[in-house]
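Asks: So I've got this file, coords16.cif, and it contains mmCIF, C-alpha atoms:
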```cif
data_final
loop_
_atom_site.label_atom_id
_atom_site.label_comp_id
_atom_site.auth_asym_id
_atom_site.auth_seq_id
_atom_site.Cartn_x
_atom_site.Cartn_y
_atom_site.Cartn_z
CA MET F 1 11.68 -22.39 0.96
CA ASP F 2 15.32 -21.64 0.14
CA LEU F 3 15.28 -18.14 -1.35
CA ASP F 4 19.06 -18.22 -1.72
CA ALA F 5 18.58 -21.05 -4.22
CA HIS F 6 16.22 -18.83 -6.23
CA VAL F 7 18.80 -16.03 -6.22
CA ARG F 8 21.52 -18.43 -7.37
CA LEU F 9 19.33 -19.49 -10.29
CA VAL F 10 18.89 -15.84 -11.31
CA GLU F 11 22.62 -15.19 -10.98
CA SER F 12 23.41 -18.21 -13.14
CA GLN F 13 20.95 -17.06 -15.79
CA MET F 14 22.43 -13.55 -15.81
CA ARG F 15 25.99 -14.85 -16.11
CA THR F 16 25.12 -16.62 -19.38
CA LEU F 17 24.55 -13.18 -20.91
CA LEU F 18 27.80 -11.62 -19.74
CA VAL F 19 30.34 -13.75 -21.57
CA PRO F 20 32.80 -11.69 -23.69
CA SER F 21 32.54 -12.49 -27.38
CA GLU F 22 36.23 -11.61 -27.91
CA PRO F 23 39.21 -10.67 -25.68
CA ALA F 24 39.14 -7.00 -26.68
CA LEU F 25 35.65 -6.67 -25.19
CA GLN F 26 36.49 -8.24 -21.84
CA PRO F 27 36.69 -4.85 -20.04
CA PHE F 28 33.26 -3.89 -21.42
CA TYR F 29 31.72 -7.01 -19.90
CA GLY F 30 34.01 -6.59 -16.90
CA MET F 31 32.53 -3.20 -15.99
CA MET F 32 29.04 -4.65 -15.99
CA SER F 33 30.16 -7.67 -13.97
CA TYR F 34 31.94 -5.36 -11.52
CA HIS F 35 28.74 -3.42 -10.96
CA LEU F 36 26.84 -6.68 -10.36
CA GLY F 37 29.32 -7.66 -7.67
CA TRP F 38 31.05 -10.51 -9.52
CA LEU F 39 34.45 -8.93 -10.23
CA ASP F 40 36.79 -6.47 -8.55
CA ALA F 41 38.19 -3.37 -10.25
CA GLN F 42 40.96 -5.47 -11.82
CA PHE F 43 38.28 -7.83 -13.22
CA ARG F 44 39.21 -10.66 -10.86
CA PRO F 45 36.40 -12.87 -9.46
CA ILE F 46 35.03 -11.66 -6.14
CA GLN F 47 31.91 -12.03 -4.02
CA ALA F 48 30.90 -8.41 -3.43
CA ASP F 49 27.54 -6.92 -2.55
CA GLY F 50 25.60 -6.75 -5.78
CA GLY F 51 22.23 -6.08 -4.21
CA LYS F 52 19.54 -8.36 -2.81
CA ARG F 53 18.00 -9.31 -6.20
CA LEU F 54 14.57 -8.46 -4.76
CA ARG F 55 12.91 -7.75 -8.09
CA PRO F 56 13.77 -11.05 -9.82
CA LEU F 57 12.92 -12.84 -6.58
CA ILE F 58 9.46 -11.25 -6.61
CA CYS F 59 9.06 -12.31 -10.25
CA LEU F 60 9.91 -15.95 -9.49
CA LEU F 61 7.77 -16.10 -6.34
CA ALA F 62 4.77 -14.51 -8.09
CA CYS F 63 5.05 -17.13 -10.83
CA GLU F 64 5.46 -19.99 -8.38
CA ALA F 65 2.60 -18.86 -6.13
CA LEU F 66 0.22 -19.09 -9.09
CA GLY F 67 1.35 -22.58 -10.02
CA GLY F 68 3.96 -21.64 -12.61
CA ASP F 69 7.36 -23.18 -13.25
CA ILE F 70 10.16 -20.86 -12.14
CA GLN F 71 12.47 -22.37 -14.76
CA ARG F 72 10.22 -20.82 -17.41
CA ALA F 73 10.35 -17.49 -15.61
CA LEU F 74 14.12 -17.35 -15.12
CA PRO F 75 14.89 -15.45 -18.38
CA ALA F 76 12.40 -12.76 -17.41
CA ALA F 77 13.73 -12.56 -13.86
CA ALA F 78 17.27 -12.10 -15.21
CA GLY F 79 16.07 -9.40 -17.61
CA ILE F 80 14.30 -7.55 -14.81
CA GLU F 81 17.45 -7.49 -12.67
CA LEU F 82 19.58 -6.31 -15.59
CA LEU F 83 17.09 -3.53 -16.30
CA HIS F 84 17.24 -2.47 -12.67
CA ASN F 85 21.03 -2.36 -12.74
CA PHE F 86 21.16 -0.41 -16.00
CA SER F 87 19.15 2.27 -14.20
CA LEU F 88 21.55 2.22 -11.23
CA ILE F 89 24.67 2.69 -13.39
CA HIS F 90 23.08 5.72 -15.04
CA ASP F 91 21.64 6.95 -11.74
CA ASP F 92 25.11 7.02 -10.19
CA ILE F 93 26.32 9.22 -13.05
CA GLN F 94 23.36 11.57 -12.83
CA ASP F 95 23.68 11.85 -9.04
CA ASN F 96 27.46 12.23 -9.22
CA SER F 97 27.70 9.37 -6.71
CA PRO F 98 31.23 8.00 -6.22
CA MET F 99 30.12 5.01 -4.09
CA ARG F 100 27.46 2.30 -4.22
CA ARG F 101 27.27 -0.64 -1.83
CA HIS F 102 30.59 0.37 -0.23
CA ARG F 103 32.46 0.23 -3.58
CA GLU F 104 33.40 2.82 -6.16
CA THR F 105 30.82 3.28 -8.88
CA VAL F 106 31.47 2.34 -12.50
CA TRP F 107 31.75 5.94 -13.70
CA HIS F 108 34.10 6.84 -10.85
CA LEU F 109 36.48 4.05 -11.84
CA TRP F 110 36.30 4.14 -15.64
CA GLY F 111 34.84 7.54 -16.51
CA MET F 112 31.42 8.72 -17.57
CA PRO F 113 31.61 7.80 -21.29
CA GLN F 114 32.43 4.15 -20.56
CA ALA F 115 29.89 3.98 -17.73
CA ILE F 116 27.13 5.36 -19.96
CA ASN F 117 28.01 2.77 -22.58
CA ALA F 118 28.11 -0.04 -20.00
CA GLY F 119 24.68 1.00 -18.76
CA ASP F 120 23.35 1.06 -22.31
CA GLY F 121 24.80 -2.40 -22.89
CA MET F 122 23.09 -3.73 -19.80
CA LEU F 123 19.75 -2.30 -21.00
CA ILE F 124 20.07 -4.18 -24.29
CA LEU F 125 21.05 -7.36 -22.44
CA ALA F 126 17.90 -6.97 -20.34
CA HIS F 127 15.85 -7.28 -23.52
CA LEU F 128 17.96 -10.08 -24.96
CA ALA F 129 17.56 -11.98 -21.69
CA LEU F 130 13.89 -12.59 -22.51
CA GLN F 131 14.55 -14.31 -25.83
CA PRO F 132 14.77 -17.85 -24.33
CA LEU F 133 11.21 -17.58 -22.97
CA GLN F 134 9.70 -19.13 -26.09
CA GLU F 135 12.25 -21.95 -25.99
CA ARG F 136 10.97 -22.75 -22.49
CA GLY F 137 7.41 -23.17 -23.65
CA VAL F 138 6.03 -19.68 -23.12
CA PRO F 139 3.41 -18.89 -25.83
CA PRO F 140 4.59 -16.29 -28.38
CA ALA F 141 1.78 -13.89 -27.48
CA THR F 142 2.85 -13.98 -23.83
CA VAL F 143 6.49 -13.36 -24.81
CA VAL F 144 5.43 -10.28 -26.78
CA GLN F 145 3.33 -9.01 -23.88
CA THR F 146 6.19 -9.60 -21.46
CA LEU F 147 8.51 -7.54 -23.65
CA ARG F 148 5.87 -4.84 -23.88
CA VAL F 149 5.63 -4.64 -20.08
CA LEU F 150 9.42 -4.47 -19.82
CA ASP F 151 9.61 -1.64 -22.39
CA GLN F 152 6.78 0.31 -20.75
CA THR F 153 8.48 -0.07 -17.40
CA CYS F 154 11.81 1.13 -18.76
CA PHE F 155 10.13 4.26 -20.08
CA ARG F 156 8.41 4.85 -16.72
CA LEU F 157 11.80 4.54 -15.03
CA CYS F 158 13.17 7.24 -17.35
CA GLN F 159 10.15 9.46 -16.68
CA GLY F 160 10.61 9.07 -12.94
CA GLN F 161 14.31 9.84 -13.23
CA TYR F 162 13.51 12.97 -15.24
CA LEU F 163 11.17 14.18 -12.50
CA ASP F 164 13.72 13.39 -9.80
CA ILE F 165 16.41 15.42 -11.57
CA ALA F 166 13.98 18.24 -12.37
CA PHE F 167 12.92 18.48 -8.73
CA GLU F 168 16.52 19.32 -7.75
CA GLN F 169 16.18 22.63 -9.60
CA ARG F 170 12.78 23.53 -8.17
CA GLU F 171 12.17 25.36 -4.94
CA ALA F 172 8.73 23.81 -4.39
CA VAL F 173 7.61 20.22 -4.96
CA ASP F 174 4.39 18.94 -3.45
CA VAL F 175 3.78 15.48 -2.01
CA GLU F 176 1.57 14.33 -4.88
CA GLU F 177 4.27 15.22 -7.41
CA TYR F 178 6.79 13.28 -5.38
CA LEU F 179 4.52 10.23 -5.25
CA ARG F 180 4.25 10.31 -9.05
CA MET F 181 8.03 10.44 -9.26
CA ILE F 182 8.63 7.45 -6.99
CA GLY F 183 5.89 5.60 -8.82
CA GLY F 184 8.07 5.82 -11.93
CA LYS F 185 11.51 5.39 -10.34
CA THR F 186 10.72 2.64 -7.83
CA ALA F 187 7.21 1.22 -7.85
CA SER F 188 6.92 0.61 -11.60
CA LEU F 189 9.70 -1.99 -11.76
CA ILE F 190 8.56 -3.85 -8.64
CA ALA F 191 5.04 -3.85 -10.08
CA ALA F 192 6.34 -5.20 -13.41
CA SER F 193 8.30 -7.91 -11.59
CA ALA F 194 5.16 -9.29 -9.96
CA GLU F 195 3.06 -8.77 -13.08
CA ILE F 196 5.48 -10.59 -15.39
CA GLY F 197 5.84 -13.45 -12.92
CA ALA F 198 2.06 -13.83 -12.88
CA MET F 199 1.84 -13.61 -16.69
CA LEU F 200 4.26 -16.53 -16.99
CA ALA F 201 2.06 -18.67 -14.74
CA THR F 202 -1.48 -17.84 -15.78
CA ASP F 203 -3.58 -15.99 -18.34
CA GLY F 204 -6.07 -14.98 -15.67
CA SER F 205 -6.46 -11.22 -15.97
CA GLN F 206 -7.62 -10.77 -12.36
CA ALA F 207 -4.60 -12.59 -10.93
CA ILE F 208 -2.23 -10.64 -13.18
CA ALA F 209 -3.79 -7.28 -12.30
CA ALA F 210 -3.75 -8.08 -8.57
CA SER F 211 -0.12 -9.15 -8.81
CA ARG F 212 0.78 -5.86 -10.45
CA GLU F 213 -1.11 -3.93 -7.76
CA PHE F 214 0.76 -5.90 -5.09
CA GLY F 215 4.10 -4.88 -6.61
CA TRP F 216 3.03 -1.27 -7.11
CA GLU F 217 1.93 -0.76 -3.50
CA LEU F 218 4.98 -2.61 -2.25
CA GLY F 219 7.24 -0.38 -4.35
CA LEU F 220 5.73 2.78 -2.86
CA ALA F 221 6.22 1.40 0.66
CA PHE F 222 9.78 0.37 -0.17
CA GLN F 223 10.73 3.88 -1.30
CA MET F 224 9.09 5.51 1.70
CA VAL F 225 11.13 3.32 4.03
CA ASP F 226 14.24 4.28 2.03
CA ASP F 227 13.33 7.94 2.58
CA ILE F 228 13.17 7.32 6.33
CA LEU F 229 16.48 5.48 6.36
CA GLY F 230 18.14 8.27 4.36
CA ILE F 231 17.50 10.62 7.31
CA TRP F 232 17.20 8.48 10.44
CA GLY F 233 18.86 5.22 9.37
CA ASP F 234 21.73 3.54 11.21
CA PRO F 235 24.93 4.11 9.17
CA GLN F 236 26.08 0.60 10.10
CA VAL F 237 22.98 -0.77 8.34
CA THR F 238 22.52 1.67 5.46
CA GLY F 239 26.19 2.11 4.56
CA LYS F 240 25.61 5.88 4.40
CA SER F 241 26.47 8.65 6.82
CA ALA F 242 23.70 9.70 9.19
CA ALA F 243 21.18 12.09 7.62
CA SER F 244 22.81 11.60 4.23
CA ASP F 245 19.69 12.71 2.37
CA ILE F 246 19.65 15.97 4.32
CA LEU F 247 23.27 16.77 3.54
CA SER F 248 22.53 16.01 -0.13
CA ARG F 249 19.51 18.36 0.05
CA LYS F 250 17.25 15.66 -1.37
CA LYS F 251 13.56 16.49 -1.55
CA THR F 252 12.38 13.21 -0.07
CA LEU F 253 8.94 12.62 1.42
CA PRO F 254 9.76 13.61 5.05
CA ILE F 255 11.22 16.91 3.84
CA LEU F 256 8.25 17.71 1.60
CA PHE F 257 5.75 16.76 4.30
CA ALA F 258 7.45 19.06 6.81
CA LEU F 259 7.56 21.99 4.39
CA GLN F 260 3.81 21.61 3.82
CA HIS F 261 2.77 21.02 7.44
CA LEU F 262 4.98 23.25 9.57
CA PRO F 263 3.62 26.60 10.77
CA ALA F 264 4.27 29.29 8.17
CA SER F 265 7.19 30.91 9.98
CA SER F 266 8.95 27.60 10.63
CA ALA F 267 8.29 26.40 7.08
CA ALA F 268 9.79 29.62 5.69
CA ALA F 269 12.89 29.27 7.88
CA PHE F 270 13.24 25.59 6.95
CA GLY F 271 12.89 26.47 3.27
CA ARG F 272 15.62 29.12 3.49
CA VAL F 273 18.07 26.76 5.17
CA TYR F 274 17.32 23.90 2.79
CA ALA F 275 17.69 26.17 -0.25
CA GLN F 276 21.33 26.90 0.59
CA GLU F 277 23.79 25.78 -2.04
CA ARG F 278 25.49 23.53 0.48
CA LEU F 279 24.46 22.20 3.89
CA ALA F 280 26.90 21.53 6.71
CA GLU F 281 26.82 18.99 9.53
CA GLU F 282 25.87 21.75 11.96
CA ASP F 283 22.67 22.41 9.97
CA VAL F 284 21.43 18.85 10.51
CA PRO F 285 20.16 19.13 14.13
CA GLN F 286 18.04 22.17 13.30
CA ILE F 287 16.55 20.40 10.26
CA LEU F 288 15.86 17.28 12.31
CA GLY F 289 14.10 19.52 14.82
CA TRP F 290 11.80 20.91 12.13
CA LEU F 291 11.05 17.40 10.89
CA GLU F 292 10.15 16.33 14.42
CA GLN F 293 7.98 19.41 14.91
CA ALA F 294 6.04 18.56 11.76
CA GLY F 295 5.68 14.88 12.67
CA ALA F 296 7.29 13.96 9.35
CA ARG F 297 8.82 10.65 10.41
CA ALA F 298 5.60 9.34 11.95
CA ASP F 299 3.61 10.39 8.89
CA VAL F 300 5.92 8.64 6.42
CA ILE F 301 6.00 5.48 8.55
CA GLN F 302 2.21 5.52 8.61
CA ARG F 303 2.08 5.94 4.83
CA ALA F 304 4.50 3.04 4.34
CA GLU F 305 2.39 0.86 6.61
CA LEU F 306 -0.75 1.79 4.67
CA HIS F 307 0.81 0.91 1.31
CA THR F 308 2.09 -2.36 2.77
CA GLN F 309 -1.41 -3.28 3.93
CA ARG F 310 -2.74 -2.45 0.46
CA ALA F 311 -0.04 -4.66 -1.04
CA LEU F 312 -0.99 -7.56 1.21
CA ALA F 313 -4.66 -7.14 0.35
CA ALA F 314 -3.80 -7.25 -3.36
CA LEU F 315 -1.64 -10.34 -2.75
CA ASP F 316 -4.67 -12.08 -1.25
CA ARG F 317 -6.68 -11.23 -4.38
CA THR F 318 -4.14 -12.90 -6.67
CA GLY F 319 -5.40 -16.32 -5.59
CA GLY F 320 -1.84 -17.52 -5.06
CA SER F 321 -1.04 -20.19 -2.52
CA GLY F 322 1.68 -22.31 -0.97
CA PRO F 323 5.16 -21.45 0.32
CA ALA F 324 5.84 -18.93 -2.46
CA GLN F 325 2.73 -16.92 -1.52
CA GLU F 326 3.81 -16.90 2.12
CA GLN F 327 7.30 -15.81 1.12
CA LEU F 328 5.83 -12.87 -0.80
CA ARG F 329 3.82 -11.94 2.28
CA ALA F 330 6.89 -12.20 4.53
CA LEU F 331 8.96 -10.20 2.06
CA ALA F 332 6.41 -7.39 2.02
CA GLN F 333 6.27 -7.26 5.80
CA SER F 334 10.06 -7.29 6.09
CA PHE F 335 10.33 -4.03 4.14
CA LEU F 336 8.79 -2.19 7.08
CA LYS F 337 11.35 -3.62 9.51
CA ARG F 338 14.52 -2.62 7.72
CA SER F 339 15.70 -0.52 10.68
CA PHE F 340 13.26 1.89 12.22
#
```
Render the structure in this file as structure tokens.

Replies:
Amino acid sequence: MDLDAHVRLVESQMRTLLVPSEPALQPFYGMMSYHLGWLDAQFRPIQADGGKRLRPLICLLACEALGGDIQRALPAAAGIELLHNFSLIHDDIQDNSPMRRHRETVWHLWGMPQAINAGDGMLILAHLALQPLQERGVPPATVVQTLRVLDQTCFRLCQGQYLDIAFEQREAVDVEEYLRMIGGKTASLIAASAEIGAMLATDGSQAIAASREFGWELGLAFQMVDDILGIWGDPQVTGKSAASDILSRKKTLPILFALQHLPASSAAAFGRVYAQERLAEEDVPQILGWLEQAGARADVIQRAELHTQRALAALDRTGGSGPAQEQLRALAQSFLKRSF
């Protein structure tokens, strides 16, 4: 199965929504197209890294595996990817991140007010993207339910982002709180991608619920692997400096696990160092030593493997079949092999 062809279909569907209605608005659309990797900073066509389009791909494959027509699902897949990218534009502002995918972020190029507006515009386009569903033969009740899932997911994303920002100001965050946060920020949209794909193929409640569970567990595993890569990842692969999450003082799962499982004296020392207003490169080896002492990396890898196995078990319960089902299985397994 040619997954690149699926991605090209999604890209084509998204491009139909980003056509300026008048010349004066070209920069508004241009900022969104820049973020998606289609234009450079002067709004000239370019093939830049716009992300892997994993979420719309999961939507199309989930639909196809259950016997659905991916042409019917394309509007939803495009909307899902636009929703994801709205969250990234705003996330870059909230994290004060100047770079994404080796390019300057929208706010860093055009300022926060325009970036906020561009992100808002992309959120609205995500909803408008679903309008053609009925024209493609999707029953009205299913269209309404699809929109409901998209709206609920958007709100969960915002809840997860709130928790993530709030955690930055807190000295103590436990593992269960962190799992709730990544459930909102990461797992909810991957779950919705699989759920919506299934909804556009079948009205079978068991298949739809199992598809959502597949996406949810996969999303948790995906974020856990990201947490590992943010500390131990190869900069040539991740595009970030080594131990970037440590230098940013992020409270990711390996950090929280170590703080909870180190001996009291080591945990207290680790906590004091990590609570500093700014960390330096020379602090990193000591922090890595505490993480190794706690067994944090091994624990998070084990958790990611567990959630991947739960995702695969849910995938089996969907009743899907054929090449698309096998691609979903391969995709889930590939998340664990991203570079550790």

Asks: Using the chain letters and numbers from the file, give me the residues hit by the PyMOL selection byres ((chain F and resi 87) around 10), as an MDAnalysis selection string.

Replies: chainID F and resid 82:86 88:92 119:120 122:123 154 157:158 161 185

Asks: Any idea what the distance is between CA of Ala115 in chain F and CA of Arg103 in chain F?

Replies: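 Spanning CA of Ala115 in chain F to CA of Arg103 in chain F is a straight-line distance of 14.9 Å.
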
Asks: Given the file shown, determine the residues that the PyMOL selection byres ((chain F and resi 60) around 7) selects; report them as a PyMOL selection string.

Replies: chain F and resi 56-59+61-64+70+73+77+197

Asks: Please tabulate, as a Markdown table, the residues of range 77-149 of chain F that come within 12 Å of range 247-263 of chain F, each with its closest pair of atoms and the distance in Å to one decimal, counting only C-alpha atoms and ordering rows by chain, then residue number upward.

Replies:
```
| residue | atom | partner | partner_atom | distance |
| --- | --- | --- | --- | --- |
| F:Asp95 | CA | F:Ser248 | CA | 9.9 |
| F:Asn96 | CA | F:Ser248 | CA | 11.0 |
| F:Ser97 | CA | F:Ser248 | CA | 10.7 |
```

Asks: I need the output of the PyMOL selection byres ((chain F and resi 320) around 12) for this file as number ranges by chain; which residues are they?

Replies: F: 61-68, 194, 197-198, 201-202, 204, 206-208, 210-211, 214, 312, 314-319, 321-329

Asks: Neighbouring residues of range 178-183 of chain F were defined as those with any atom within 8 Å, considering all atoms listed in the file; residues of the same chain fewer than 2 positions away were excluded. Please report them as a PyMOL selection string.

Replies: chain F and resi 159-161+163-164+173-176+185-188+216+219-220+223+252-253

Asks: Arg212 in chain F: which residues within 7 Å, counting all atoms listed in the file, same-chain residues fewer than 6 positions away excluded, as a count of residues only?

Replies: 4

Asks: Hey, which of F:Pro27, F:Gln94, F:Ser21, F:Ala243 ends up closest to Glu282 in chain F? Count all atoms listed in the file.

Replies: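 Going through F:Pro27, F:Gln94, F:Ser21, F:Ala243 one by one, the smallest distance to Glu282 in chain F is for F:Ala243.
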
Asks: At what distance in Å, to one decimal, does CA of Leu130 in chain F lie from CA of Ala76 in chain F?

Replies: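 Distance between the two atoms: 5.3 Å.
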
Asks: Please compute the CA of Arg55 in chain F-CA of Val149 in chain F distance, one decimal, in Å.

Replies: 14.4 Å

Asks: Which of these, F:Leu147, F:Leu218, F:Ile287, F:Gln26, has the shortest distance to Asp245 in chain F once you count only C-alpha atoms?

Replies: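 Ranked by minimum distance to Asp245 in chain F, first place goes to F:Ile287.
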
Asks: Between F:Gly51, F:Leu125, F:Ala304, F:Ala268, which has the minimum distance to Met32 in chain F (counting all atoms listed in the file)?

Replies: F:Leu125

Asks: Using all atoms listed in the file, can you tell me which of F:Ile231, F:Glu277, F:Asp40, F:Arg15 comes closest to Gln169 in chain F?

Replies: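 Between F:Ile231, F:Glu277, F:Asp40, F:Arg15, the residue approaching Gln169 in chain F most closely is F:Glu277.
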
Asks: Could range 126-145 of chain F be completed with N, CA and C atoms and written as a PDB file, in the coordinates of the input, please?

Replies:
```
ATOM      1  N   ALA F 126      19.161  -6.722 -21.032  1.00  0.00           N
ATOM      2  CA  ALA F 126      17.900  -6.970 -20.340  1.00  0.00           C
ATOM      3  C   ALA F 126      16.822  -7.443 -21.308  1.00  0.00           C
ATOM      4  N   HIS F 127      16.821  -6.864 -22.497  1.00  0.00           N
ATOM      5  CA  HIS F 127      15.850  -7.280 -23.520  1.00  0.00           C
ATOM      6  C   HIS F 127      16.238  -8.642 -24.114  1.00  0.00           C
ATOM      7  N   LEU F 128      17.517  -8.811 -24.401  1.00  0.00           N
ATOM      8  CA  LEU F 128      17.960 -10.080 -24.960  1.00  0.00           C
ATOM      9  C   LEU F 128      17.738 -11.234 -23.995  1.00  0.00           C
ATOM     10  N   ALA F 129      17.744 -10.928 -22.699  1.00  0.00           N
ATOM     11  CA  ALA F 129      17.560 -11.980 -21.690  1.00  0.00           C
ATOM     12  C   ALA F 129      16.228 -12.697 -21.847  1.00  0.00           C
ATOM     13  N   LEU F 130      15.227 -12.002 -22.400  1.00  0.00           N
ATOM     14  CA  LEU F 130      13.890 -12.590 -22.510  1.00  0.00           C
ATOM     15  C   LEU F 130      13.731 -13.507 -23.719  1.00  0.00           C
ATOM     16  N   GLN F 131      14.691 -13.513 -24.613  1.00  0.00           N
ATOM     17  CA  GLN F 131      14.550 -14.310 -25.830  1.00  0.00           C
ATOM     18  C   GLN F 131      14.328 -15.813 -25.565  1.00  0.00           C
ATOM     19  N   PRO F 132      14.980 -16.412 -24.558  1.00  0.00           N
ATOM     20  CA  PRO F 132      14.770 -17.850 -24.330  1.00  0.00           C
ATOM     21  C   PRO F 132      13.386 -18.226 -23.796  1.00  0.00           C
ATOM     22  N   LEU F 133      12.529 -17.249 -23.521  1.00  0.00           N
ATOM     23  CA  LEU F 133      11.210 -17.580 -22.970  1.00  0.00           C
ATOM     24  C   LEU F 133      10.452 -18.550 -23.870  1.00  0.00           C
ATOM     25  N   GLN F 134      10.448 -18.262 -25.178  1.00  0.00           N
ATOM     26  CA  GLN F 134       9.700 -19.130 -26.090  1.00  0.00           C
ATOM     27  C   GLN F 134      10.285 -20.536 -26.118  1.00  0.00           C
ATOM     28  N   GLU F 135      11.612 -20.638 -26.012  1.00  0.00           N
ATOM     29  CA  GLU F 135      12.250 -21.950 -25.990  1.00  0.00           C
ATOM     30  C   GLU F 135      11.831 -22.756 -24.775  1.00  0.00           C
ATOM     31  N   ARG F 136      11.383 -22.071 -23.728  1.00  0.00           N
ATOM     32  CA  ARG F 136      10.970 -22.750 -22.490  1.00  0.00           C
ATOM     33  C   ARG F 136       9.468 -22.981 -22.438  1.00  0.00           C
ATOM     34  N   GLY F 137       8.819 -22.829 -23.569  1.00  0.00           N
ATOM     35  CA  GLY F 137       7.410 -23.170 -23.650  1.00  0.00           C
ATOM     36  C   GLY F 137       6.437 -22.046 -23.399  1.00  0.00           C
ATOM     37  N   VAL F 138       6.928 -20.815 -23.317  1.00  0.00           N
ATOM     38  CA  VAL F 138       6.030 -19.680 -23.120  1.00  0.00           C
ATOM     39  C   VAL F 138       5.396 -19.332 -24.469  1.00  0.00           C
ATOM     40  N   PRO F 139       4.065 -19.213 -24.553  1.00  0.00           N
ATOM     41  CA  PRO F 139       3.410 -18.890 -25.830  1.00  0.00           C
ATOM     42  C   PRO F 139       3.933 -17.588 -26.420  1.00  0.00           C
ATOM     43  N   PRO F 140       4.062 -17.511 -27.740  1.00  0.00           N
ATOM     44  CA  PRO F 140       4.590 -16.290 -28.380  1.00  0.00           C
ATOM     45  C   PRO F 140       3.859 -15.021 -27.971  1.00  0.00           C
ATOM     46  N   ALA F 141       2.535 -15.088 -27.857  1.00  0.00           N
ATOM     47  CA  ALA F 141       1.780 -13.890 -27.480  1.00  0.00           C
ATOM     48  C   ALA F 141       2.170 -13.407 -26.087  1.00  0.00           C
ATOM     49  N   THR F 142       2.444 -14.350 -25.195  1.00  0.00           N
ATOM     50  CA  THR F 142       2.850 -13.980 -23.830  1.00  0.00           C
ATOM     51  C   THR F 142       4.255 -13.391 -23.837  1.00  0.00           C
ATOM     52  N   VAL F 143       5.134 -13.917 -24.688  1.00  0.00           N
ATOM     53  CA  VAL F 143       6.490 -13.360 -24.810  1.00  0.00           C
ATOM     54  C   VAL F 143       6.415 -11.907 -25.267  1.00  0.00           C
ATOM     55  N   VAL F 144       5.576 -11.649 -26.271  1.00  0.00           N
ATOM     56  CA  VAL F 144       5.430 -10.280 -26.780  1.00  0.00           C
ATOM     57  C   VAL F 144       4.891  -9.360 -25.696  1.00  0.00           C
ATOM     58  N   GLN F 145       3.897  -9.836 -24.940  1.00  0.00           N
ATOM     59  CA  GLN F 145       3.330  -9.010 -23.880  1.00  0.00           C
ATOM     60  C   GLN F 145       4.344  -8.759 -22.758  1.00  0.00           C
TER      61      GLN F 145
END
```
